[in-house]
$ cat protein.cif   # mmCIF, C-alpha atoms
data_model
#
loop_
_atom_site.label_atom_id
_atom_site.label_comp_id
_atom_site.auth_asym_id
_atom_site.auth_seq_id
_atom_site.Cartn_x
_atom_site.Cartn_y
_atom_site.Cartn_z
CA MET T 16 144.56 -49.29 218.30
CA ILE T 17 142.53 -51.87 220.20
CA GLU T 18 140.50 -54.33 218.16
CA ARG T 19 136.73 -54.02 217.93
CA THR T 20 134.06 -56.11 216.23
CA GLY T 21 131.47 -54.29 214.14
CA LEU T 22 128.04 -53.36 215.42
CA PRO T 23 124.84 -54.28 213.61
CA LEU T 24 122.54 -51.33 214.36
CA VAL T 25 118.93 -52.34 213.73
CA ILE T 26 116.40 -49.52 213.38
CA SER T 27 112.67 -49.96 212.94
CA ALA T 28 109.81 -47.49 213.02
CA PRO T 29 106.27 -47.13 211.81
CA SER T 30 106.10 -45.46 208.39
CA GLY T 31 106.11 -41.67 208.76
CA THR T 32 108.07 -41.61 212.02
CA GLY T 33 111.12 -39.99 210.42
CA LYS T 34 113.36 -43.04 210.34
CA SER T 35 114.91 -42.25 206.93
CA THR T 36 115.76 -38.69 207.95
CA LEU T 37 117.40 -39.85 211.17
CA ILE T 38 119.36 -42.62 209.47
CA ALA T 39 120.55 -40.24 206.74
CA ARG T 40 121.82 -37.89 209.44
CA LEU T 41 123.61 -40.72 211.23
CA ARG T 42 125.28 -41.84 207.99
CA GLN T 43 126.31 -38.28 207.32
CA GLU T 44 127.97 -37.88 210.73
CA PHE T 45 129.47 -41.39 210.64
CA PRO T 46 130.34 -42.11 207.00
CA ALA T 47 132.25 -45.28 207.94
CA PHE T 48 129.14 -47.46 208.09
CA ALA T 49 129.57 -50.41 205.76
CA PHE T 50 126.92 -51.72 203.40
CA SER T 51 126.15 -55.36 202.94
CA ILE T 52 124.95 -56.24 199.46
CA SER T 53 121.47 -57.78 199.39
CA CYS T 54 120.08 -60.50 197.18
CA THR T 55 116.88 -59.89 195.29
CA THR T 56 114.60 -61.61 192.80
CA ARG T 57 113.52 -58.37 191.19
CA ALA T 58 114.89 -57.50 187.75
CA PRO T 59 117.95 -55.22 187.61
CA ARG T 60 117.15 -51.61 186.74
CA PRO T 61 119.22 -49.86 184.07
CA GLY T 62 122.75 -49.31 185.35
CA GLU T 63 122.46 -51.67 188.33
CA ILE T 64 125.36 -54.06 188.60
CA HIS T 65 125.18 -57.62 189.89
CA GLY T 66 127.48 -57.95 192.91
CA LYS T 67 127.59 -54.20 193.48
CA ASP T 68 124.02 -52.95 193.86
CA TYR T 69 122.44 -56.35 194.45
CA TYR T 70 122.96 -59.99 193.78
CA PHE T 71 120.20 -60.68 191.28
CA LEU T 72 118.87 -64.21 191.77
CA ASP T 73 116.07 -66.21 190.23
CA LYS T 74 113.30 -67.15 192.61
CA LYS T 75 114.29 -70.80 192.84
CA THR T 76 117.86 -69.98 193.85
CA PHE T 77 116.64 -67.40 196.35
CA LEU T 78 114.25 -69.86 197.99
CA GLN T 79 116.91 -72.57 198.13
CA ARG T 80 119.30 -70.18 199.85
CA ARG T 81 116.56 -69.06 202.21
CA ASP T 82 115.85 -72.66 203.17
CA ASN T 83 119.57 -73.23 203.73
CA HIS T 84 119.72 -70.33 206.24
CA PHE T 85 121.82 -68.28 203.87
CA PHE T 86 120.08 -65.05 204.89
CA ALA T 87 120.37 -62.99 208.07
CA GLU T 88 116.86 -61.81 207.20
CA TRP T 89 114.66 -61.89 204.16
CA ALA T 90 111.32 -60.39 203.14
CA SER T 91 108.83 -60.25 200.33
CA VAL T 92 108.16 -56.69 199.12
CA HIS T 93 105.61 -56.06 196.35
CA GLY T 94 106.01 -59.65 195.20
CA ASN T 95 109.82 -59.54 195.03
CA LEU T 96 112.10 -61.27 197.51
CA TYR T 97 114.97 -59.47 199.25
CA GLY T 98 117.52 -60.96 201.60
CA THR T 99 120.72 -60.05 203.44
CA PRO T 100 123.45 -62.72 203.19
CA LEU T 101 124.43 -63.77 206.70
CA GLU T 102 128.00 -64.88 206.10
CA ALA T 103 129.00 -61.81 204.10
CA THR T 104 127.51 -59.65 206.86
CA GLN T 105 129.43 -61.52 209.53
CA THR T 106 132.64 -61.02 207.54
CA ILE T 107 132.08 -57.26 207.42
CA LEU T 108 131.35 -57.18 211.17
CA ALA T 109 134.45 -59.24 211.93
CA GLN T 110 136.47 -56.52 210.18
CA GLY T 111 135.21 -54.07 212.80
CA LYS T 112 132.83 -52.27 210.45
CA ASP T 113 129.36 -51.26 211.67
CA ILE T 114 126.23 -51.87 209.58
CA ILE T 115 122.85 -50.16 209.75
CA PHE T 116 119.78 -52.30 209.20
CA ASP T 117 116.91 -50.03 208.18
CA ILE T 118 114.26 -52.69 208.50
CA ASP T 119 110.69 -53.52 209.49
CA VAL T 120 109.71 -55.31 212.69
CA GLN T 121 109.55 -58.71 210.99
CA GLY T 122 113.09 -58.28 209.72
CA ALA T 123 114.28 -57.16 213.15
CA ARG T 124 112.74 -60.29 214.62
CA GLN T 125 114.82 -62.43 212.26
CA LEU T 126 118.01 -60.50 213.09
CA LYS T 127 117.38 -61.17 216.78
CA GLN T 128 117.99 -64.82 215.89
CA THR T 129 120.74 -64.52 213.29
CA LEU T 130 122.72 -61.51 214.64
CA PRO T 131 121.80 -61.44 218.33
CA GLN T 132 124.68 -59.06 219.13
CA SER T 133 122.75 -56.33 217.26
CA CYS T 134 121.58 -53.15 218.90
CA PHE T 135 117.80 -52.95 218.43
CA VAL T 136 116.25 -49.47 218.25
CA PHE T 137 112.57 -48.65 217.81
CA LEU T 138 111.47 -45.15 216.88
CA PHE T 139 108.06 -43.99 218.04
CA PRO T 140 105.96 -41.18 216.68
CA PRO T 141 104.95 -38.80 219.51
CA SER T 142 101.40 -40.20 219.18
CA LEU T 143 99.26 -42.01 216.61
CA LYS T 144 97.38 -38.73 216.08
CA ALA T 145 100.65 -36.95 215.31
CA LEU T 146 101.63 -39.74 212.93
CA GLU T 147 98.33 -39.36 211.10
CA SER T 148 98.85 -35.60 210.78
CA ARG T 149 102.34 -36.15 209.39
CA LEU T 150 101.11 -38.66 206.82
CA VAL T 151 98.26 -36.35 205.77
CA LYS T 152 100.64 -33.38 205.58
CA ARG T 153 103.17 -35.33 203.52
CA GLY T 154 100.41 -35.54 200.90
CA THR T 155 101.79 -38.59 199.09
CA ASP T 156 99.22 -41.14 200.27
CA SER T 157 95.51 -41.62 199.73
CA ARG T 158 93.14 -41.81 202.70
CA GLU T 159 93.05 -45.57 202.34
CA VAL T 160 96.83 -45.89 202.29
CA ILE T 161 97.07 -43.65 205.36
CA ALA T 162 94.52 -45.81 207.20
CA LYS T 163 96.58 -48.87 206.33
CA ARG T 164 99.81 -47.23 207.47
CA LEU T 165 98.17 -46.32 210.79
CA ALA T 166 96.93 -49.88 211.30
CA ASN T 167 100.47 -51.11 210.55
CA ALA T 168 101.90 -48.54 212.97
CA ARG T 169 99.63 -49.84 215.71
CA ASP T 170 100.68 -53.39 214.94
CA GLU T 171 104.40 -52.49 214.97
CA ILE T 172 104.12 -50.50 218.21
CA ASN T 173 102.49 -53.58 219.70
CA GLN T 174 105.71 -55.46 218.97
CA CYS T 175 108.07 -52.81 220.33
CA ASP T 176 109.14 -55.02 223.27
CA LEU T 177 111.45 -56.74 220.82
CA PHE T 178 113.64 -53.61 220.85
CA GLU T 179 116.00 -52.67 223.65
CA PHE T 180 116.08 -48.93 222.95
CA TRP T 181 113.02 -46.74 222.47
CA ILE T 182 113.29 -43.27 221.01
CA ILE T 183 110.34 -40.92 220.56
CA ASN T 184 110.71 -38.71 217.50
CA ASP T 185 108.84 -35.68 218.77
CA ASP T 186 111.63 -33.17 218.21
CA LEU T 187 114.03 -34.25 215.44
CA ASP T 188 117.20 -32.88 217.09
CA THR T 189 116.40 -34.56 220.39
CA ALA T 190 115.62 -37.85 218.68
CA TYR T 191 118.87 -37.63 216.71
CA GLU T 192 120.87 -36.92 219.86
CA GLU T 193 119.38 -40.06 221.39
CA LEU T 194 119.95 -42.24 218.32
CA ARG T 195 123.53 -41.02 218.11
CA ALA T 196 124.04 -41.81 221.80
CA VAL T 197 122.59 -45.30 221.40
CA TYR T 198 124.95 -45.94 218.48
CA LEU T 199 128.04 -44.72 220.34
CA ALA T 200 127.03 -46.56 223.51
CA ALA T 201 126.36 -49.83 221.69
CA ARG T 202 129.83 -49.55 220.13
CA ALA T 203 131.22 -49.32 223.68
CA ARG T 204 129.68 -52.63 224.70
CA ALA T 205 132.08 -55.19 226.10
CA ILE T 206 130.87 -57.79 223.57
CA HIS T 207 132.43 -55.72 220.78
CA ARG T 208 135.86 -55.65 222.43
CA PRO T 209 136.74 -59.35 222.67
CA GLY T 210 140.48 -58.86 223.17
CA LEU T 211 140.55 -55.75 225.34
CA LYS T 212 140.83 -57.32 228.76
CA GLN T 213 143.73 -59.60 227.86
CA THR T 214 145.49 -56.85 225.89
CA LEU T 215 145.33 -54.51 228.87
CA LEU T 216 146.46 -57.10 231.38
CA ALA T 217 149.46 -57.77 229.15
CA THR T 218 150.62 -54.14 229.26
CA MET W 17 105.44 -35.75 229.27
CA ILE W 18 105.80 -39.50 229.15
CA GLU W 19 106.73 -41.26 232.36
CA ARG W 20 110.20 -42.65 232.89
CA THR W 21 111.80 -44.57 235.73
CA GLY W 22 115.19 -43.40 236.97
CA LEU W 23 118.45 -44.94 235.86
CA PRO W 24 121.10 -46.21 238.27
CA LEU W 25 124.37 -45.47 236.48
CA VAL W 26 127.15 -47.57 238.01
CA ILE W 27 130.71 -46.48 237.24
CA SER W 28 133.84 -48.31 238.34
CA ALA W 29 137.48 -47.84 237.41
CA PRO W 30 140.92 -48.61 238.75
CA SER W 31 142.27 -45.76 240.87
CA GLY W 32 143.97 -43.16 238.68
CA THR W 33 141.84 -43.83 235.58
CA GLY W 34 140.13 -40.43 235.75
CA LYS W 35 136.76 -41.59 237.03
CA SER W 36 136.23 -38.62 239.35
CA THR W 37 136.99 -36.11 236.60
CA LEU W 38 134.59 -37.81 234.20
CA ILE W 39 131.81 -38.09 236.77
CA ALA W 40 132.22 -34.44 237.79
CA ARG W 41 131.85 -33.46 234.14
CA LEU W 42 128.73 -35.61 233.76
CA ARG W 43 127.17 -34.05 236.87
CA GLN W 44 127.99 -30.61 235.56
CA GLU W 45 126.29 -31.25 232.21
CA PHE W 46 123.36 -33.10 233.82
CA PRO W 47 122.74 -31.44 237.18
CA ALA W 48 119.47 -33.33 237.69
CA PHE W 49 121.18 -36.47 239.06
CA ALA W 50 119.73 -37.28 242.47
CA PHE W 51 121.77 -38.29 245.50
CA SER W 52 120.82 -41.12 247.78
CA ILE W 53 121.94 -40.56 251.37
CA SER W 54 124.28 -43.25 252.66
CA CYS W 55 124.54 -44.78 256.09
CA THR W 56 127.89 -44.88 257.84
CA THR W 57 129.41 -45.96 261.12
CA ARG W 58 132.08 -43.27 261.02
CA ALA W 59 131.71 -40.29 263.37
CA PRO W 60 130.11 -37.14 261.95
CA ARG W 61 132.58 -34.44 260.98
CA PRO W 62 131.96 -30.85 262.13
CA GLY W 63 128.94 -29.46 260.29
CA GLU W 64 127.69 -32.81 258.97
CA ILE W 65 123.99 -33.35 259.55
CA HIS W 66 122.33 -36.73 260.23
CA GLY W 67 119.77 -37.42 257.52
CA LYS W 68 121.32 -34.90 255.16
CA ASP W 69 124.99 -35.78 254.68
CA TYR W 70 124.73 -39.29 256.06
CA TYR W 71 122.69 -41.42 258.37
CA PHE W 72 125.14 -41.95 261.22
CA LEU W 73 124.61 -45.38 262.74
CA ASP W 74 126.38 -47.38 265.42
CA LYS W 75 128.05 -50.53 264.22
CA LYS W 76 125.46 -52.90 265.72
CA THR W 77 122.57 -51.14 263.98
CA PHE W 78 124.49 -51.04 260.69
CA LEU W 79 125.24 -54.76 260.83
CA GLN W 80 121.63 -55.60 261.71
CA ARG W 81 120.41 -53.61 258.72
CA ARG W 82 123.02 -55.20 256.50
CA ASP W 83 121.87 -58.67 257.57
CA ASN W 84 118.26 -57.65 256.88
CA HIS W 85 119.13 -56.70 253.26
CA PHE W 86 118.55 -53.03 254.00
CA PHE W 87 121.44 -51.97 251.73
CA ALA W 88 121.72 -51.91 247.96
CA GLU W 89 125.45 -52.23 248.58
CA TRP W 90 127.76 -51.80 251.53
CA ALA W 91 131.49 -51.71 252.09
CA SER W 92 134.12 -51.37 254.75
CA VAL W 93 136.51 -48.47 254.14
CA HIS W 94 139.40 -47.79 256.52
CA GLY W 95 137.54 -49.66 259.25
CA ASN W 96 134.27 -47.74 258.83
CA LEU W 97 131.14 -49.20 257.25
CA TYR W 98 129.23 -47.43 254.50
CA GLY W 99 125.99 -48.50 252.89
CA THR W 100 123.35 -47.27 250.42
CA PRO W 101 119.77 -47.86 251.61
CA LEU W 102 117.97 -49.93 248.98
CA GLU W 103 114.39 -48.80 249.58
CA ALA W 104 115.20 -45.09 249.63
CA THR W 105 117.14 -45.56 246.39
CA GLN W 106 114.24 -47.38 244.77
CA THR W 107 111.90 -44.54 245.80
CA ILE W 108 114.16 -41.97 244.12
CA LEU W 109 114.35 -44.11 240.96
CA ALA W 110 110.57 -44.58 240.91
CA GLN W 111 110.29 -40.78 240.79
CA GLY W 112 112.19 -40.86 237.49
CA LYS W 113 115.42 -39.48 238.93
CA ASP W 114 118.76 -40.93 237.85
CA ILE W 115 121.50 -41.78 240.36
CA ILE W 116 125.24 -42.18 239.81
CA PHE W 117 127.03 -44.91 241.75
CA ASP W 118 130.72 -44.04 241.87
CA ILE W 119 131.77 -47.36 243.27
CA ASP W 120 134.38 -50.10 243.32
CA VAL W 121 134.00 -53.45 241.60
CA GLN W 122 132.81 -55.19 244.77
CA GLY W 123 130.06 -52.60 245.17
CA ALA W 124 129.08 -52.95 241.52
CA ARG W 125 128.81 -56.68 242.02
CA GLN W 126 126.30 -56.13 244.83
CA LEU W 127 124.28 -53.67 242.73
CA LYS W 128 124.03 -56.29 239.99
CA GLN W 129 121.93 -58.25 242.48
CA THR W 130 119.98 -55.46 244.18
CA LEU W 131 119.46 -53.01 241.28
CA PRO W 132 119.81 -55.22 238.19
CA GLN W 133 118.30 -52.53 235.95
CA SER W 134 121.48 -50.50 236.45
CA CYS W 135 123.77 -49.51 233.62
CA PHE W 136 127.25 -50.86 234.42
CA VAL W 137 130.23 -48.95 233.06
CA PHE W 138 133.89 -49.81 233.53
CA LEU W 139 136.60 -47.28 232.73
CA PHE W 140 139.97 -48.58 231.61
CA PRO W 141 143.29 -46.81 231.64
CA PRO W 142 144.90 -46.94 228.18
CA SER W 143 147.40 -49.43 229.63
CA LEU W 144 148.77 -50.48 233.00
CA LYS W 145 152.01 -48.68 232.08
CA ALA W 146 150.07 -45.47 231.42
CA LEU W 147 148.24 -45.89 234.73
CA GLU W 148 151.55 -46.23 236.53
CA SER W 149 152.87 -43.06 234.87
CA ARG W 150 149.74 -41.15 235.89
CA LEU W 151 150.00 -42.29 239.50
CA VAL W 152 153.72 -41.40 239.63
CA LYS W 153 153.03 -38.02 238.00
CA ARG W 154 150.20 -37.27 240.42
CA GLY W 155 152.87 -37.39 243.12
CA THR W 156 150.50 -38.12 246.01
CA ASP W 157 151.42 -41.75 246.59
CA SER W 158 154.54 -43.54 247.77
CA ARG W 159 156.13 -46.24 245.64
CA GLU W 160 154.54 -48.87 247.83
CA VAL W 161 151.07 -47.34 247.53
CA ILE W 162 151.47 -47.10 243.77
CA ALA W 163 152.48 -50.77 243.59
CA LYS W 164 149.38 -51.64 245.59
CA ARG W 165 147.14 -49.53 243.37
CA LEU W 166 148.55 -51.25 240.29
CA ALA W 167 147.92 -54.68 241.79
CA ASN W 168 144.35 -53.58 242.57
CA ALA W 169 143.94 -52.23 239.03
CA ARG W 170 144.99 -55.59 237.63
CA ASP W 171 142.53 -57.31 239.94
CA GLU W 172 139.69 -54.98 238.95
CA ILE W 173 140.41 -55.25 235.22
CA ASN W 174 140.23 -59.00 235.71
CA GLN W 175 136.63 -58.55 236.84
CA CYS W 176 135.61 -56.20 234.02
CA ASP W 177 133.27 -58.78 232.47
CA LEU W 178 130.76 -57.75 235.12
CA PHE W 179 130.27 -54.49 233.23
CA GLU W 180 128.26 -54.09 230.06
CA PHE W 181 130.01 -50.97 228.78
CA TRP W 182 133.77 -50.52 228.51
CA ILE W 183 135.34 -47.12 228.01
CA ILE W 184 139.06 -46.53 227.62
CA ASN W 185 140.15 -43.21 229.08
CA ASP W 186 143.02 -42.46 226.75
CA ASP W 187 141.82 -39.06 225.60
CA LEU W 188 139.58 -37.37 228.20
CA ASP W 189 137.20 -35.72 225.70
CA THR W 190 136.69 -38.96 223.79
CA ALA W 191 136.09 -40.89 227.00
CA TYR W 192 133.60 -38.25 228.16
CA GLU W 193 131.75 -38.37 224.84
CA GLU W 194 131.41 -42.14 225.27
CA LEU W 195 130.33 -41.96 228.92
CA ARG W 196 127.76 -39.30 228.03
CA ALA W 197 126.46 -41.48 225.18
CA VAL W 198 126.18 -44.51 227.44
CA TYR W 199 124.20 -42.44 229.96
CA LEU W 200 121.80 -41.05 227.34
CA ALA W 201 121.41 -44.44 225.68
CA ALA W 202 120.73 -46.25 228.95
CA ARG W 203 118.02 -43.67 229.70
CA ALA W 204 116.44 -44.62 226.36
CA ARG W 205 116.14 -48.28 227.32
CA ALA W 206 112.66 -49.74 227.07
CA ILE W 207 112.85 -50.96 230.69
CA HIS W 208 112.80 -47.32 231.85
CA ARG W 209 109.62 -46.51 229.95
CA PRO W 210 107.12 -48.93 231.48
CA GLY W 211 103.97 -47.10 230.33
CA LEU W 212 105.06 -45.86 226.92
CA LYS W 213 103.65 -48.60 224.72
CA GLN W 214 100.17 -48.50 226.24
CA THR W 215 100.15 -44.68 226.33
CA LEU W 216 100.98 -44.53 222.63
CA LEU W 217 98.47 -47.15 221.63
CA ALA W 218 95.81 -45.15 223.47
CA THR W 219 96.47 -42.00 221.43
#
$ encode --input "protein.cif" --output "structure tokens"
Amino acid sequence: MIERTGLPLVISAPSGTGKSTLIARLRQEFPAFAFSISCTTRAPRPGEIHGKDYYFLDKKTFLQRRDNHFFAEWASVHGNLYGTPLEATQTILAQGKDIIFDIDVQGARQLKQTLPQSCFVFLFPPSLKALESRLVKRGTDSREVIAKRLANARDEINQCDLFEFWIINDDLDTAYEELRAVYLAARARAIHRPGLKQTLLAT
Amino acid sequence: MIERTGLPLVISAPSGTGKSTLIARLRQEFPAFAFSISCTTRAPRPGEIHGKDYYFLDKKTFLQRRDNHFFAEWASVHGNLYGTPLEATQTILAQGKDIIFDIDVQGARQLKQTLPQSCFVFLFPPSLKALESRLVKRGTDSREVIAKRLANARDEINQCDLFEFWIINDDLDTAYEELRAVYLAARARAIHRPGLKQTLLAT
């Protein structure tokens, strides 16, 4: 078997675009994706284990690590801090394991700096109107929350040039076929096969 | 339907790697690939039509055009000159039609300059030994020709860094799955969707 380095697959999308469904399907077809354990300042929930579910850190430690470039990306969510350790992630990738980053545009922007070999995918709703209909239909959000999600969607679409691959989730099967193709193609990039050329020339 | 510019898909491989088989399969699954008509200095064969099969040019005209950067790529094959008109190719691509370039490494190198938006794919044999076995088994070449093909293969593999995507044709179905994925993924690149962002923001 010829050696391969792992692929960081970075996927962003406005809320309601179907990102979670598509990622779940990808994980189901390709169960070998590795997980990297995040750090967080939020309190552990019952049953959560430090070093397995998360590394639970106090805020001071988290901020120190952040300032020391410990994280591939970090974010503040509902007042809690979350971060992905860079070195642990690089170790997983060096073992040839791929990692999915299900992440917002700000996080993707950080990964562009810290893991530039990543494959950056942005999922679009078919239109902002369609996105609104989906959010209304989902029935979980108030009018105000929906308005905020739409404003965020507009803001994220405005930043879509950060991403190399653009997939429109109009039809779920078509969008999945494209996401799957982007994953398989990105795995076939020369940058993930550092030893291939020399190995072949030696045969 | 959202507008898309066409993809130039550039595929190179050492002779005997199975490139023709893989490309034929891709054309069969995706019959919408467009053809760009080449220019050549070789004499028309019976039934060949100027402007349909080829543009048949005398050598002086061909060389003038070559010097005027008329060609996306050109090559000399068995003493005849062949070239792909750049402008006609760009017109086809602007219409959203994809084009396959089944081409050697030298041609790919030219396309890197003239059609830099191309997707560059290099197919590897599983090993040079395996390539030799295939060429021997094929039974169409003398020992000398096979030795020359192997030397060429080594030379082409040495230049594989020119290509973004690397596919090893060990198992044909696996290699096809990867080539197909690279094609679909490259179509999903942001650079081929120039109007998408603005269109979506206007909905």
$ residues_around --input "protein.cif" --residues "segment 84-96 of chain T" --least-positions-apart "6" --cutoff "12 Å" --atoms "only C-alpha atoms" --output "ChimeraX atom specification"
/T:23,25,51-59,69-78,102-105,116-131,133
$ closest_residue --input "protein.cif" --among "T:Leu41, T:Ile114, T:Val151, T:Leu215" --to "Cys176 of chain W" --atoms "only C-alpha atoms"
T:Leu215
$ resolve_selection --input "protein.cif" --expression "the PyMOL selection byres ((chain W) within 9 of (chain T))" --output "ChimeraX atom specification"
/W:140-146,170,173-174,176-177,179-183,193-207,209,213-219
$ atom_distance --input "protein.cif" --atom1 "atom CA of Ser148 of chain T" --atom2 "atom CA of Glu19 of chain W"
23.7 Å
$ resolve_selection --input "protein.cif" --expression "the PyMOL selection byres ((chain T and resi 30) around 9)" --output "ChimeraX atom specification"
/T:28-29,31-34,146,150,164-165,167-168
$ closest_residue --input "protein.cif" --among "W:Gly22, W:Glu148, W:Leu139, W:Pro210" --to "Ser36 of chain W" --atoms "only C-alpha atoms"
W:Leu139
$ atom_distance --input "protein.cif" --atom1 "atom CA of Leu109 of chain W" --atom2 "atom CA of Leu23 of chain W"
6.6 Å
$ atom_distance --input "protein.cif" --atom1 "atom CA of Ile39 of chain W" --atom2 "atom CA of Leu25 of chain W"
10.5 Å
$ decode --input "protein.cif" --residues "segment 82-158 of chain W" --atoms "C-alpha atoms" --output "PDB file, in the first residue's frame"
ATOM      1  CA  ARG W  82       2.095  28.685 -33.632  1.00  0.00           C
ATOM      2  CA  ASP W  83       4.387  31.717 -33.462  1.00  0.00           C
ATOM      3  CA  ASN W  84       1.334  33.967 -33.074  1.00  0.00           C
ATOM      4  CA  HIS W  85       0.165  31.997 -29.993  1.00  0.00           C
ATOM      5  CA  PHE W  86      -2.821  30.652 -31.903  1.00  0.00           C
ATOM      6  CA  PHE W  87      -2.562  27.250 -30.174  1.00  0.00           C
ATOM      7  CA  ALA W  88      -3.433  26.208 -26.643  1.00  0.00           C
ATOM      8  CA  GLU W  89      -0.871  23.455 -27.198  1.00  0.00           C
ATOM      9  CA  TRP W  90       0.898  21.948 -30.164  1.00  0.00           C
ATOM     10  CA  ALA W  91       3.130  18.972 -30.805  1.00  0.00           C
ATOM     11  CA  SER W  92       5.075  17.199 -33.476  1.00  0.00           C
ATOM     12  CA  VAL W  93       4.051  13.556 -33.907  1.00  0.00           C
ATOM     13  CA  HIS W  94       5.816  11.326 -36.435  1.00  0.00           C
ATOM     14  CA  GLY W  95       6.902  14.417 -38.354  1.00  0.00           C
ATOM     15  CA  ASN W  96       3.418  15.968 -38.524  1.00  0.00           C
ATOM     16  CA  LEU W  97       2.330  18.979 -36.496  1.00  0.00           C
ATOM     17  CA  TYR W  98      -0.859  19.010 -34.453  1.00  0.00           C
ATOM     18  CA  GLY W  99      -2.317  21.900 -32.509  1.00  0.00           C
ATOM     19  CA  THR W 100      -5.438  22.878 -30.536  1.00  0.00           C
ATOM     20  CA  PRO W 101      -6.738  26.365 -31.392  1.00  0.00           C
ATOM     21  CA  LEU W 102      -6.866  28.409 -28.191  1.00  0.00           C
ATOM     22  CA  GLU W 103      -9.653  30.842 -29.055  1.00  0.00           C
ATOM     23  CA  ALA W 104     -12.045  28.193 -30.355  1.00  0.00           C
ATOM     24  CA  THR W 105     -11.395  26.191 -27.180  1.00  0.00           C
ATOM     25  CA  GLN W 106     -12.089  29.209 -24.991  1.00  0.00           C
ATOM     26  CA  THR W 107     -15.363  29.794 -26.858  1.00  0.00           C
ATOM     27  CA  ILE W 108     -16.490  26.216 -26.173  1.00  0.00           C
ATOM     28  CA  LEU W 109     -15.546  26.566 -22.483  1.00  0.00           C
ATOM     29  CA  ALA W 110     -17.380  29.890 -22.205  1.00  0.00           C
ATOM     30  CA  GLN W 111     -20.509  28.049 -23.352  1.00  0.00           C
ATOM     31  CA  GLY W 112     -20.213  25.849 -20.251  1.00  0.00           C
ATOM     32  CA  LYS W 113     -19.042  22.770 -22.138  1.00  0.00           C
ATOM     33  CA  ASP W 114     -16.268  20.604 -20.697  1.00  0.00           C
ATOM     34  CA  ILE W 115     -13.374  19.346 -22.836  1.00  0.00           C
ATOM     35  CA  ILE W 116     -11.058  16.393 -22.259  1.00  0.00           C
ATOM     36  CA  PHE W 117      -7.408  16.806 -23.216  1.00  0.00           C
ATOM     37  CA  ASP W 118      -5.915  13.354 -23.695  1.00  0.00           C
ATOM     38  CA  ILE W 119      -2.370  14.573 -23.935  1.00  0.00           C
ATOM     39  CA  ASP W 120       1.265  13.927 -23.119  1.00  0.00           C
ATOM     40  CA  VAL W 121       3.193  15.689 -20.379  1.00  0.00           C
ATOM     41  CA  GLN W 122       4.679  18.254 -22.767  1.00  0.00           C
ATOM     42  CA  GLY W 123       1.190  19.194 -23.948  1.00  0.00           C
ATOM     43  CA  ALA W 124      -0.057  19.424 -20.368  1.00  0.00           C
ATOM     44  CA  ARG W 125       2.811  21.758 -19.600  1.00  0.00           C
ATOM     45  CA  GLN W 126       1.664  24.091 -22.376  1.00  0.00           C
ATOM     46  CA  LEU W 127      -1.954  23.973 -21.177  1.00  0.00           C
ATOM     47  CA  LYS W 128      -0.785  25.021 -17.716  1.00  0.00           C
ATOM     48  CA  GLN W 129       0.170  28.314 -19.370  1.00  0.00           C
ATOM     49  CA  THR W 130      -2.670  28.753 -21.866  1.00  0.00           C
ATOM     50  CA  LEU W 131      -5.621  27.255 -19.934  1.00  0.00           C
ATOM     51  CA  PRO W 132      -4.520  27.520 -16.297  1.00  0.00           C
ATOM     52  CA  GLN W 133      -8.057  26.842 -15.046  1.00  0.00           C
ATOM     53  CA  SER W 134      -7.659  23.248 -16.252  1.00  0.00           C
ATOM     54  CA  CYS W 135      -7.839  20.257 -13.964  1.00  0.00           C
ATOM     55  CA  PHE W 136      -4.578  18.318 -14.329  1.00  0.00           C
ATOM     56  CA  VAL W 137      -4.691  14.569 -13.750  1.00  0.00           C
ATOM     57  CA  PHE W 138      -1.793  12.146 -13.975  1.00  0.00           C
ATOM     58  CA  LEU W 139      -2.393   8.405 -14.119  1.00  0.00           C
ATOM     59  CA  PHE W 140       0.276   6.123 -12.699  1.00  0.00           C
ATOM     60  CA  PRO W 141       0.825   2.462 -13.384  1.00  0.00           C
ATOM     61  CA  PRO W 142       0.956   0.497 -10.107  1.00  0.00           C
ATOM     62  CA  SER W 143       4.705   0.106 -10.697  1.00  0.00           C
ATOM     63  CA  LEU W 144       7.190   0.250 -13.552  1.00  0.00           C
ATOM     64  CA  LYS W 145       7.424  -3.553 -13.350  1.00  0.00           C
ATOM     65  CA  ALA W 146       3.646  -3.836 -13.756  1.00  0.00           C
ATOM     66  CA  LEU W 147       3.780  -1.430 -16.697  1.00  0.00           C
ATOM     67  CA  GLU W 148       6.422  -3.581 -18.350  1.00  0.00           C
ATOM     68  CA  SER W 149       4.296  -6.704 -17.858  1.00  0.00           C
ATOM     69  CA  ARG W 150       1.280  -4.972 -19.397  1.00  0.00           C
ATOM     70  CA  LEU W 151       3.254  -3.824 -22.429  1.00  0.00           C
ATOM     71  CA  VAL W 152       4.742  -7.309 -22.914  1.00  0.00           C
ATOM     72  CA  LYS W 153       1.300  -8.910 -22.490  1.00  0.00           C
ATOM     73  CA  ARG W 154      -0.281  -6.499 -24.970  1.00  0.00           C
ATOM     74  CA  GLY W 155       2.057  -8.059 -27.526  1.00  0.00           C
ATOM     75  CA  THR W 156       2.003  -5.134 -29.960  1.00  0.00           C
ATOM     76  CA  ASP W 157       5.497  -3.798 -29.317  1.00  0.00           C
ATOM     77  CA  SER W 158       8.988  -5.138 -29.903  1.00  0.00           C
TER      78      SER W 158
END
